[in-house]
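**Student:** Quick one: the structure is below, and I'll ask about it shortly.
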Amino acid sequence: NTIEKFERFSFVFIMPVVIFFSIYSDTIIKIILGNQYLPSIPVMILINLATFLAVLNMPYGNLIPGMGFFKLDAIITVLNLIFFIVLLLLLPNPKIFNSGATGAATAVFLSNLSMGILYRIYAKKKCNLLDLNKGIKFVIFGIINFIGFYFLYNHLSRFYRANFKIVFIPIYFGISYFVLFLLGWLNKDDLDNLKKLVKLRKIMNYIKGEIRG
């Protein structure tokens, strides 16, 4: 139940923000670093998505050793490490794929993706109560959301430039959360969980309780 709540919160509130930063990466890089760093846009997109995958993988990664399957956890970690090293040897290598920093970022993304798949497969085997299907609809929504807004942003930015880039922010979040609401995937419980998270007093009380404990 806790894993499902965590996953749902991540998909509803964190995923749209990650997608936005990935789509909006050219503007962010221009403002913070300058035009000379524009070639790093693919790197930022891949690292954003890889970081989000790492967040989603956390509860499943904690579940396996938490149930006492330390050897299985070690095997999964070592296999994924080997996979990551192989990707690093192939993708950025000038003699093979020669994809530079983008290749290294791709290696991080694919490594986190494979780790997530392995964690879920074995977590399901060890804990049959897990329902892995609940997150599929959010993944599909995220892919459609990213592709649709990515092409919209890139196409209209060429014609309307800065004006559209400013307007794009409320358009993106407004449409994304409105669609989630229409689909019934964003409800009152989700908003209540968000309110609890942003209440500073509760956060401070939680921290104090942990320290005292």
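Numbering starts fresh at 1 for the residues of each chain in the structure tokens, the chains themselves are lettered A, B, ... in the order given, and ligands are numbered from 1 as they appear.
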For Tyr122 (chain A), list every protein, DNA or RNA residue within 10 Å, evaluated using only C-alpha atoms, and leave out those in the same chain fewer than 2 positions away; present the list as a PyMOL selection string.
**Tutor:** chain A and resi 60-61+63-64+72-73+76+117-120+124-128
**Student:** Create the file for the chosen residues now, containing all heavy atoms and written as a compact mmCIF listing (two decimals), in the first residue's frame.
**Tutor:**
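The new file part_29.txt reads:
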```txt
# COMPACT_ATOMS: atom_id res chain seq x y z
N TYR A 60 11.05 -0.35 -4.57
CA TYR A 60 11.24 -1.75 -4.97
C TYR A 60 12.63 -2.23 -4.59
O TYR A 60 12.82 -3.38 -4.18
CB TYR A 60 11.01 -1.91 -6.47
CG TYR A 60 9.60 -1.64 -6.89
CD1 TYR A 60 9.20 -0.39 -7.37
CD2 TYR A 60 8.62 -2.64 -6.79
CE1 TYR A 60 7.88 -0.14 -7.74
CE2 TYR A 60 7.30 -2.39 -7.16
CZ TYR A 60 6.95 -1.14 -7.63
OH TYR A 60 5.65 -0.89 -8.00
N GLY A 61 13.61 -1.32 -4.74
CA GLY A 61 14.98 -1.66 -4.34
C GLY A 61 15.11 -1.86 -2.85
O GLY A 61 15.94 -2.66 -2.38
N LEU A 63 12.55 -2.92 -0.93
CA LEU A 63 11.69 -4.04 -0.53
C LEU A 63 12.46 -5.36 -0.51
O LEU A 63 12.31 -6.16 0.44
CB LEU A 63 10.51 -4.15 -1.50
CG LEU A 63 9.51 -5.28 -1.21
CD1 LEU A 63 8.79 -5.02 0.10
CD2 LEU A 63 8.51 -5.43 -2.35
N ILE A 64 13.30 -5.61 -1.52
CA ILE A 64 13.99 -6.89 -1.64
C ILE A 64 14.94 -7.14 -0.45
O ILE A 64 14.82 -8.16 0.23
CB ILE A 64 14.74 -6.98 -2.99
CG1 ILE A 64 13.70 -7.02 -4.13
CG2 ILE A 64 15.63 -8.22 -3.03
CD1 ILE A 64 14.30 -6.94 -5.51
N LEU A 72 20.08 -11.82 -3.34
CA LEU A 72 19.39 -11.46 -4.57
C LEU A 72 19.61 -9.99 -4.91
O LEU A 72 19.86 -9.65 -6.08
CB LEU A 72 17.89 -11.74 -4.43
CG LEU A 72 16.98 -11.30 -5.59
CD1 LEU A 72 17.38 -12.02 -6.87
CD2 LEU A 72 15.51 -11.56 -5.26
N ASP A 73 19.55 -9.14 -3.90
CA ASP A 73 19.78 -7.71 -4.10
C ASP A 73 21.19 -7.46 -4.63
O ASP A 73 21.40 -6.64 -5.52
CB ASP A 73 19.55 -6.96 -2.79
CG ASP A 73 19.70 -5.45 -2.94
OD1 ASP A 73 19.07 -4.88 -3.85
OD2 ASP A 73 20.44 -4.85 -2.15
N ILE A 76 21.43 -8.58 -8.37
CA ILE A 76 20.80 -7.58 -9.25
C ILE A 76 21.70 -6.37 -9.43
O ILE A 76 21.88 -5.86 -10.54
CB ILE A 76 19.42 -7.15 -8.69
CG1 ILE A 76 18.43 -8.31 -8.74
CG2 ILE A 76 18.87 -5.96 -9.46
CD1 ILE A 76 17.11 -8.02 -8.03
N ILE A 117 13.35 -2.54 -13.94
CA ILE A 117 12.67 -3.74 -14.46
C ILE A 117 13.03 -4.97 -13.61
O ILE A 117 12.16 -5.74 -13.22
CB ILE A 117 13.05 -3.97 -15.94
CG1 ILE A 117 12.45 -2.85 -16.81
CG2 ILE A 117 12.54 -5.33 -16.41
CD1 ILE A 117 12.95 -2.86 -18.24
N LEU A 118 14.33 -5.13 -13.32
CA LEU A 118 14.77 -6.26 -12.51
C LEU A 118 14.19 -6.22 -11.10
O LEU A 118 13.73 -7.24 -10.57
CB LEU A 118 16.31 -6.28 -12.43
CG LEU A 118 17.04 -6.67 -13.72
CD1 LEU A 118 18.54 -6.48 -13.55
CD2 LEU A 118 16.75 -8.12 -14.10
N TYR A 119 14.22 -5.03 -10.49
CA TYR A 119 13.65 -4.89 -9.15
C TYR A 119 12.18 -5.29 -9.12
O TYR A 119 11.73 -6.00 -8.22
CB TYR A 119 13.79 -3.45 -8.67
CG TYR A 119 15.10 -3.13 -7.99
CD1 TYR A 119 15.64 -1.84 -8.04
CD2 TYR A 119 15.80 -4.09 -7.27
CE1 TYR A 119 16.84 -1.54 -7.41
CE2 TYR A 119 17.01 -3.79 -6.66
CZ TYR A 119 17.52 -2.51 -6.72
OH TYR A 119 18.70 -2.22 -6.09
N ARG A 120 11.43 -4.83 -10.12
CA ARG A 120 9.99 -5.11 -10.14
C ARG A 120 9.70 -6.59 -10.38
O ARG A 120 8.79 -7.16 -9.77
CB ARG A 120 9.31 -4.24 -11.21
CG ARG A 120 9.10 -2.81 -10.74
CD ARG A 120 8.80 -1.88 -11.91
NE ARG A 120 8.50 -0.53 -11.45
CZ ARG A 120 9.42 0.35 -11.05
NH1 ARG A 120 10.71 0.00 -11.07
NH2 ARG A 120 9.07 1.56 -10.65
N LYS A 124 8.01 -8.68 -7.32
CA LYS A 124 6.72 -9.33 -7.55
C LYS A 124 6.78 -10.81 -7.21
O LYS A 124 5.84 -11.38 -6.63
CB LYS A 124 6.29 -9.12 -9.01
CG LYS A 124 4.99 -9.82 -9.41
CD LYS A 124 3.80 -9.23 -8.69
CE LYS A 124 2.50 -9.85 -9.18
NZ LYS A 124 1.33 -9.34 -8.44
N LYS A 125 7.89 -11.46 -7.55
CA LYS A 125 8.05 -12.88 -7.24
C LYS A 125 8.10 -13.13 -5.74
O LYS A 125 7.55 -14.13 -5.25
CB LYS A 125 9.34 -13.42 -7.89
CG LYS A 125 9.23 -13.61 -9.40
CD LYS A 125 10.51 -14.21 -9.96
CE LYS A 125 10.39 -14.45 -11.46
NZ LYS A 125 11.63 -15.06 -12.02
N LYS A 126 8.74 -12.22 -5.02
CA LYS A 126 8.90 -12.40 -3.58
C LYS A 126 7.71 -11.87 -2.79
O LYS A 126 7.48 -12.27 -1.66
CB LYS A 126 10.18 -11.71 -3.10
CG LYS A 126 11.45 -12.23 -3.76
CD LYS A 126 11.66 -13.71 -3.49
CE LYS A 126 12.95 -14.22 -4.15
NZ LYS A 126 13.13 -15.68 -3.94
N CYS A 127 6.97 -10.94 -3.39
CA CYS A 127 5.80 -10.36 -2.71
C CYS A 127 4.66 -10.27 -3.71
O CYS A 127 4.51 -9.27 -4.42
CB CYS A 127 6.15 -8.97 -2.16
SG CYS A 127 4.81 -8.18 -1.27
N ASN A 128 3.87 -11.31 -3.77
CA ASN A 128 2.82 -11.43 -4.79
C ASN A 128 1.71 -10.39 -4.63
O ASN A 128 0.92 -10.17 -5.55
CB ASN A 128 2.22 -12.84 -4.76
CG ASN A 128 1.45 -13.16 -6.03
OD1 ASN A 128 1.93 -12.88 -7.12
ND2 ASN A 128 0.27 -13.71 -5.87
```
**Student:** Counting only C-alpha atoms, give me one row per residue of region 2-23 of chain A with an atom at most 10 Å from an atom of region 186-206 of chain A, showing the shortest contact pair and its distance in Å to one decimal, sorted by chain then residue number, as JSON lines.
**Tutor:**
```
{"residue": "A:Lys5", "atom": "CA", "partner": "A:Asp190", "partner_atom": "CA", "distance": 9.2}
{"residue": "A:Arg8", "atom": "CA", "partner": "A:Asp190", "partner_atom": "CA", "distance": 8.5}
{"residue": "A:Phe9", "atom": "CA", "partner": "A:Asp190", "partner_atom": "CA", "distance": 7.0}
{"residue": "A:Val12", "atom": "CA", "partner": "A:Leu186", "partner_atom": "CA", "distance": 7.0}
{"residue": "A:Phe13", "atom": "CA", "partner": "A:Leu194", "partner_atom": "CA", "distance": 8.3}
```
**Student:** Counting only C-alpha atoms, what is within 8 Å of region 79-81 of chain A, bar same-chain residues fewer than 5 positions away, as a PDB file with all heavy atoms, in the first residue's frame?
**Tutor:**
```pdb
ATOM      1  N   SER A 111      20.612   2.097 -17.712  1.00  0.00           N
ATOM      2  CA  SER A 111      20.984   1.375 -16.504  1.00  0.00           C
ATOM      3  C   SER A 111      19.882   1.479 -15.448  1.00  0.00           C
ATOM      4  O   SER A 111      19.496   0.475 -14.822  1.00  0.00           O
ATOM      5  CB  SER A 111      22.298   1.926 -15.949  1.00  0.00           C
ATOM      6  OG  SER A 111      22.598   1.347 -14.697  1.00  0.00           O
ATOM      7  N   SER A 114      16.847  -0.608 -16.632  1.00  0.00           N
ATOM      8  CA  SER A 114      17.035  -2.057 -16.445  1.00  0.00           C
ATOM      9  C   SER A 114      16.968  -2.434 -14.971  1.00  0.00           C
ATOM     10  O   SER A 114      16.417  -3.476 -14.605  1.00  0.00           O
ATOM     11  CB  SER A 114      18.377  -2.502 -17.042  1.00  0.00           C
ATOM     12  OG  SER A 114      19.462  -1.973 -16.311  1.00  0.00           O
ATOM     13  N   MET A 115      17.530  -1.565 -14.109  1.00  0.00           N
ATOM     14  CA  MET A 115      17.484  -1.813 -12.674  1.00  0.00           C
ATOM     15  C   MET A 115      16.035  -1.835 -12.184  1.00  0.00           C
ATOM     16  O   MET A 115      15.645  -2.711 -11.396  1.00  0.00           O
ATOM     17  CB  MET A 115      18.269  -0.738 -11.926  1.00  0.00           C
ATOM     18  CG  MET A 115      18.285  -0.914 -10.415  1.00  0.00           C
ATOM     19  SD  MET A 115      19.299  -2.292  -9.878  1.00  0.00           S
ATOM     20  CE  MET A 115      20.836  -1.453  -9.559  1.00  0.00           C
TER      21      MET A 115
END
```
**Student:** By how many Å are CA of Leu130 (chain A) and CA of Ser10 (chain A) apart?
**Tutor:**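 Interatomic distance, CA of Leu130 (chain A) to CA of Ser10 (chain A): 17.0 Å.
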**Student:** Find the spatial neighbours of Val18 (chain A), counting only C-alpha atoms, within a cut-off of 8 Å - ignore same-chain residues fewer than 3 positions away - and output them as a PyMOL selection string.
**Tutor:** chain A and resi 14-15+21-22+48-49+52
**Student:** For Gly135 (chain A), find every residue with an atom within 8 Å (counting only C-alpha atoms), except residues of its own chain fewer than 2 positions away, and show them as a VMD selection string.
**Tutor:** chain A and resid 7 to 8 11 132 to 133 137 to 139
**Student:** Would you output that residue set with all heavy atoms, as a compact mmCIF listing (two decimals), in the first residue's frame?
**Tutor:**
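The result, written out as part_25.txt:
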```
# COMPACT_ATOMS: atom_id res chain seq x y z
N GLU A 7 4.31 5.57 -5.49
CA GLU A 7 4.39 5.52 -6.95
C GLU A 7 3.35 6.46 -7.57
O GLU A 7 3.64 7.19 -8.52
CB GLU A 7 4.18 4.10 -7.44
CG GLU A 7 4.85 3.79 -8.76
CD GLU A 7 4.87 2.31 -9.05
OE1 GLU A 7 3.88 1.62 -8.76
OE2 GLU A 7 5.88 1.83 -9.57
N ARG A 8 2.14 6.43 -7.01
CA ARG A 8 1.06 7.29 -7.52
C ARG A 8 1.43 8.77 -7.37
O ARG A 8 1.26 9.57 -8.29
CB ARG A 8 -0.25 6.98 -6.78
CG ARG A 8 -1.42 7.82 -7.26
CD ARG A 8 -2.69 7.52 -6.49
NE ARG A 8 -3.76 8.39 -6.93
CZ ARG A 8 -4.54 8.14 -7.97
NH1 ARG A 8 -4.36 7.05 -8.67
NH2 ARG A 8 -5.50 8.98 -8.31
N PHE A 11 4.05 9.72 -9.95
CA PHE A 11 3.52 9.85 -11.31
C PHE A 11 2.65 11.10 -11.46
O PHE A 11 2.71 11.79 -12.49
CB PHE A 11 2.69 8.62 -11.66
CG PHE A 11 3.50 7.44 -12.10
CD1 PHE A 11 3.33 6.19 -11.51
CD2 PHE A 11 4.45 7.56 -13.11
CE1 PHE A 11 4.07 5.09 -11.91
CE2 PHE A 11 5.20 6.46 -13.53
CZ PHE A 11 5.01 5.23 -12.92
N LEU A 132 1.79 -4.51 -10.20
CA LEU A 132 2.66 -3.73 -11.08
C LEU A 132 1.90 -3.06 -12.22
O LEU A 132 2.46 -2.24 -12.94
CB LEU A 132 3.76 -4.63 -11.65
CG LEU A 132 4.66 -5.34 -10.63
CD1 LEU A 132 5.70 -6.18 -11.34
CD2 LEU A 132 5.33 -4.33 -9.70
N ASN A 133 0.64 -3.42 -12.39
CA ASN A 133 -0.14 -2.89 -13.52
C ASN A 133 -0.68 -1.49 -13.29
O ASN A 133 -1.04 -0.80 -14.23
CB ASN A 133 -1.30 -3.84 -13.84
CG ASN A 133 -0.82 -5.20 -14.32
OD1 ASN A 133 0.17 -5.29 -15.04
ND2 ASN A 133 -1.50 -6.25 -13.91
N LYS A 137 -0.68 2.76 -16.79
CA LYS A 137 -1.46 3.84 -17.39
C LYS A 137 -0.75 5.19 -17.25
O LYS A 137 -0.80 6.03 -18.16
CB LYS A 137 -2.85 3.91 -16.77
CG LYS A 137 -2.87 4.22 -15.27
CD LYS A 137 -4.28 4.19 -14.71
CE LYS A 137 -4.31 4.53 -13.23
NZ LYS A 137 -5.68 4.46 -12.67
N PHE A 138 -0.04 5.39 -16.13
CA PHE A 138 0.68 6.64 -15.93
C PHE A 138 1.90 6.72 -16.85
O PHE A 138 2.25 7.80 -17.34
CB PHE A 138 1.11 6.78 -14.47
CG PHE A 138 -0.02 7.02 -13.52
CD1 PHE A 138 -0.47 6.01 -12.69
CD2 PHE A 138 -0.65 8.26 -13.46
CE1 PHE A 138 -1.51 6.22 -11.81
CE2 PHE A 138 -1.70 8.49 -12.58
CZ PHE A 138 -2.13 7.47 -11.75
N VAL A 139 2.55 5.58 -17.06
CA VAL A 139 3.71 5.54 -17.98
C VAL A 139 3.26 5.91 -19.39
O VAL A 139 3.92 6.71 -20.08
CB VAL A 139 4.37 4.14 -17.96
CG1 VAL A 139 5.45 4.06 -19.03
CG2 VAL A 139 4.96 3.85 -16.59
```
**Student:** With only C-alpha atoms counted and 9 Å as the cut-off, give the residues of region 10-117 of chain A in contact with region 160-171 of chain A, each with its shortest interatomic distance in Å and the pair that gives it, as CSV.
**Tutor:**
```
residue,atom,partner,partner_atom,distance
A:Phe20,CA,A:Ile169,CA,8.2
A:Tyr24,CA,A:Lys165,CA,8.3
A:Thr27,CA,A:Lys165,CA,8.0
```
**Student:** For the selection just defined, write its residues with all heavy atoms to a file, as an mmCIF file, in the first residue's frame.
**Tutor:**
```cif
data_model
loop_
_atom_site.group_PDB
_atom_site.id
_atom_site.type_symbol
_atom_site.label_atom_id
_atom_site.label_comp_id
_atom_site.auth_asym_id
_atom_site.auth_seq_id
_atom_site.Cartn_x
_atom_site.Cartn_y
_atom_site.Cartn_z
ATOM 1 N N PHE A 20 8.313 18.513 -17.956
ATOM 2 C CA PHE A 20 8.405 19.940 -18.289
ATOM 3 C C PHE A 20 9.863 20.388 -18.384
ATOM 4 O O PHE A 20 10.257 21.056 -19.346
ATOM 5 C CB PHE A 20 7.675 20.779 -17.246
ATOM 6 C CG PHE A 20 7.940 22.258 -17.381
ATOM 7 C CD1 PHE A 20 7.312 22.994 -18.377
ATOM 8 C CD2 PHE A 20 8.841 22.899 -16.543
ATOM 9 C CE1 PHE A 20 7.577 24.357 -18.527
ATOM 10 C CE2 PHE A 20 9.109 24.251 -16.688
ATOM 11 C CZ PHE A 20 8.469 24.979 -17.678
ATOM 12 N N TYR A 24 11.598 21.843 -21.655
ATOM 13 C CA TYR A 24 12.001 23.252 -21.513
ATOM 14 C C TYR A 24 13.518 23.393 -21.361
ATOM 15 O O TYR A 24 14.020 24.473 -21.056
ATOM 16 C CB TYR A 24 11.303 23.831 -20.284
ATOM 17 C CG TYR A 24 10.912 25.286 -20.382
ATOM 18 C CD1 TYR A 24 9.968 25.717 -21.315
ATOM 19 C CD2 TYR A 24 11.451 26.234 -19.520
ATOM 20 C CE1 TYR A 24 9.587 27.044 -21.392
ATOM 21 C CE2 TYR A 24 11.076 27.564 -19.586
ATOM 22 C CZ TYR A 24 10.146 27.964 -20.521
ATOM 23 O OH TYR A 24 9.770 29.289 -20.592
ATOM 24 N N THR A 27 15.613 26.358 -23.021
ATOM 25 C CA THR A 27 15.462 27.665 -22.383
ATOM 26 C C THR A 27 16.227 27.717 -21.069
ATOM 27 O O THR A 27 16.903 28.717 -20.762
ATOM 28 C CB THR A 27 13.969 27.977 -22.126
ATOM 29 O OG1 THR A 27 13.267 27.906 -23.363
ATOM 30 C CG2 THR A 27 13.790 29.350 -21.522
#
```
**Student:** Residues of region 23-205 of chain A in helix (DSSP H, G or I) according to DSSP, as an MDAnalysis selection string?
**Tutor:** chainID A and resid 23 25:32 35:66 70:90 100:126 136:182 188:198 200:205
**Student:** Let me see the file: selected residues, C-alpha atoms, as a compact mmCIF listing (two decimals), in the first residue's frame.
**Tutor:**
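Output saved as selection15.txt:
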```
# COMPACT_ATOMS: atom_id res chain seq x y z
CA ILE A 23 10.98 19.81 -22.79
CA SER A 25 15.68 22.29 -21.31
CA ASP A 26 16.83 24.57 -24.13
CA THR A 27 15.46 27.67 -22.38
CA ILE A 28 16.84 26.60 -19.00
CA ILE A 29 20.31 25.95 -20.42
CA LYS A 30 20.33 29.26 -22.34
CA ILE A 31 19.41 31.26 -19.24
CA ILE A 32 21.73 29.49 -16.79
CA ASN A 35 24.14 29.35 -25.95
CA GLN A 36 27.51 27.59 -26.00
CA TYR A 37 26.03 24.80 -23.86
CA LEU A 38 23.04 24.09 -26.12
CA PRO A 39 24.59 20.78 -27.34
CA SER A 40 24.04 19.49 -23.79
CA ILE A 41 20.22 19.58 -24.20
CA PRO A 42 19.95 15.80 -24.92
CA VAL A 43 22.13 15.16 -21.87
CA MET A 44 19.81 17.15 -19.61
CA ILE A 45 16.72 15.40 -20.98
CA LEU A 46 18.18 11.92 -20.45
CA ILE A 47 19.53 12.71 -16.97
CA ASN A 48 16.15 14.18 -15.93
CA LEU A 49 14.37 10.99 -17.00
CA ALA A 50 17.08 8.78 -15.47
CA THR A 51 16.78 10.58 -12.13
CA PHE A 52 13.01 10.12 -12.15
CA LEU A 53 13.48 6.40 -12.82
CA ALA A 54 15.87 6.21 -9.86
CA VAL A 55 13.16 7.74 -7.65
CA LEU A 56 10.56 5.24 -8.91
CA ASN A 57 12.97 2.33 -8.35
CA MET A 58 13.67 3.21 -4.72
CA PRO A 59 10.77 1.44 -2.94
CA TYR A 60 11.24 -1.75 -4.97
CA GLY A 61 14.98 -1.66 -4.34
CA ASN A 62 14.33 -1.29 -0.61
CA LEU A 63 11.69 -4.04 -0.53
CA ILE A 64 13.99 -6.89 -1.64
CA PRO A 65 16.70 -6.47 1.06
CA GLY A 66 13.97 -5.38 3.49
CA PHE A 70 20.33 -9.68 0.50
CA LYS A 71 22.02 -12.10 -1.90
CA LEU A 72 19.39 -11.46 -4.57
CA ASP A 73 19.78 -7.71 -4.10
CA ALA A 74 23.57 -8.04 -4.51
CA ILE A 75 23.18 -10.13 -7.69
CA ILE A 76 20.80 -7.58 -9.25
CA THR A 77 23.14 -4.73 -8.36
CA VAL A 78 26.23 -6.47 -9.79
CA LEU A 79 24.43 -7.48 -13.01
CA ASN A 80 23.25 -3.92 -13.51
CA LEU A 81 26.75 -2.59 -12.79
CA ILE A 82 28.19 -4.86 -15.51
CA PHE A 83 25.47 -3.72 -17.92
CA PHE A 84 26.27 -0.07 -17.11
CA ILE A 85 30.02 -0.57 -17.64
CA VAL A 86 29.41 -2.26 -21.01
CA LEU A 87 27.21 0.66 -22.10
CA LEU A 88 29.90 3.15 -21.03
CA LEU A 89 32.50 1.23 -23.02
CA LEU A 90 30.32 1.17 -26.15
CA GLY A 100 30.14 11.44 -26.19
CA ALA A 101 28.31 12.91 -23.19
CA THR A 102 24.94 11.98 -24.72
CA GLY A 103 26.10 8.36 -24.82
CA ALA A 104 27.13 8.50 -21.17
CA ALA A 105 23.74 9.99 -20.25
CA THR A 106 22.04 7.26 -22.29
CA ALA A 107 24.02 4.67 -20.33
CA VAL A 108 22.73 6.14 -17.05
CA PHE A 109 19.15 6.16 -18.35
CA LEU A 110 19.25 2.56 -19.67
CA SER A 111 20.98 1.37 -16.50
CA ASN A 112 18.27 2.88 -14.27
CA LEU A 113 15.60 1.47 -16.57
CA SER A 114 17.03 -2.06 -16.45
CA MET A 115 17.48 -1.81 -12.67
CA GLY A 116 13.84 -0.83 -12.30
CA ILE A 117 12.67 -3.74 -14.46
CA LEU A 118 14.77 -6.26 -12.51
CA TYR A 119 13.65 -4.89 -9.15
CA ARG A 120 9.99 -5.11 -10.14
CA ILE A 121 10.26 -8.64 -11.56
CA TYR A 122 11.88 -10.06 -8.44
CA ALA A 123 9.91 -7.93 -5.99
CA LYS A 124 6.72 -9.33 -7.55
CA LYS A 125 8.05 -12.88 -7.24
CA LYS A 126 8.90 -12.40 -3.58
CA ILE A 136 1.28 1.32 -16.62
CA LYS A 137 -1.46 3.84 -17.39
CA PHE A 138 0.68 6.64 -15.93
CA VAL A 139 3.71 5.54 -17.98
CA ILE A 140 1.60 5.63 -21.17
CA PHE A 141 0.25 9.06 -20.18
CA GLY A 142 3.80 10.30 -19.54
CA ILE A 143 5.08 9.11 -22.93
CA ILE A 144 2.14 10.69 -24.80
CA ASN A 145 2.45 13.86 -22.73
CA PHE A 146 6.17 14.18 -23.46
CA ILE A 147 5.92 13.48 -27.20
CA GLY A 148 2.89 15.74 -27.71
CA PHE A 149 4.18 18.75 -25.82
CA TYR A 150 7.75 18.27 -27.11
CA PHE A 151 6.64 18.67 -30.73
CA LEU A 152 4.21 21.47 -29.84
CA TYR A 153 6.92 23.38 -27.98
CA ASN A 154 9.58 22.96 -30.66
CA HIS A 155 7.22 23.83 -33.52
CA LEU A 156 5.59 26.93 -32.03
CA SER A 157 8.83 28.21 -30.46
CA ARG A 158 10.23 28.73 -33.95
CA PHE A 159 7.41 31.11 -34.84
CA TYR A 160 6.59 32.90 -31.59
CA ARG A 161 9.92 32.53 -29.77
CA ALA A 162 10.09 34.10 -26.27
CA ASN A 163 6.39 34.99 -26.10
CA PHE A 164 5.33 31.38 -26.56
CA LYS A 165 8.00 30.07 -24.18
CA ILE A 166 6.53 32.19 -21.38
CA VAL A 167 2.94 31.18 -22.16
CA PHE A 168 3.96 27.53 -22.51
CA ILE A 169 4.49 27.13 -18.75
CA PRO A 170 0.83 27.62 -17.64
CA ILE A 171 -0.40 25.88 -20.83
CA TYR A 172 1.63 22.76 -20.11
CA PHE A 173 0.77 22.39 -16.42
CA GLY A 174 -2.85 23.47 -16.94
CA ILE A 175 -3.54 20.93 -19.68
CA SER A 176 -1.51 18.12 -18.03
CA TYR A 177 -3.29 18.30 -14.68
CA PHE A 178 -6.67 18.97 -16.28
CA VAL A 179 -6.33 15.77 -18.33
CA LEU A 180 -5.28 13.84 -15.21
CA PHE A 181 -8.36 15.23 -13.44
CA LEU A 182 -10.68 14.31 -16.33
CA LYS A 188 -8.96 14.88 -3.54
CA ASP A 189 -6.75 12.36 -1.75
CA ASP A 190 -3.85 13.25 -4.03
CA LEU A 191 -4.29 16.96 -3.29
CA ASP A 192 -4.51 16.25 0.45
CA ASN A 193 -1.22 14.31 0.27
CA LEU A 194 0.38 17.25 -1.55
CA LYS A 195 -0.87 19.68 1.11
CA LYS A 196 0.59 17.51 3.85
CA LEU A 197 3.93 17.46 2.06
CA VAL A 198 4.21 21.25 1.71
CA LEU A 200 6.40 23.21 6.88
CA ARG A 201 5.20 22.67 10.47
CA LYS A 202 4.49 18.98 9.88
CA ILE A 203 7.84 18.52 8.17
CA MET A 204 9.65 20.13 11.10
CA ASN A 205 7.70 18.01 13.61
```
**Student:** Hey, can you check how far CA of Lys134 (chain A) sits from CA of Pro16 (chain A)?
**Tutor:**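 Straight-line distance from CA of Lys134 (chain A) to CA of Pro16 (chain A) works out to 17.5 Å.
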**Student:** Pick from A:Gly209, A:Leu129, A:Phe69, A:Leu183: nearest to Glu4 (chain A), with only C-alpha atoms counted?
**Tutor:**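 So, comparing all the options, the nearest one is A:Leu129.
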**Student:** Mind pulling up the distance from CA of Lys208 (chain A) to CA of Asn1 (chain A)?
**Tutor:**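 Value for the CA of Asn1 (chain A)-CA of Lys208 (chain A) distance: 25.7 Å.
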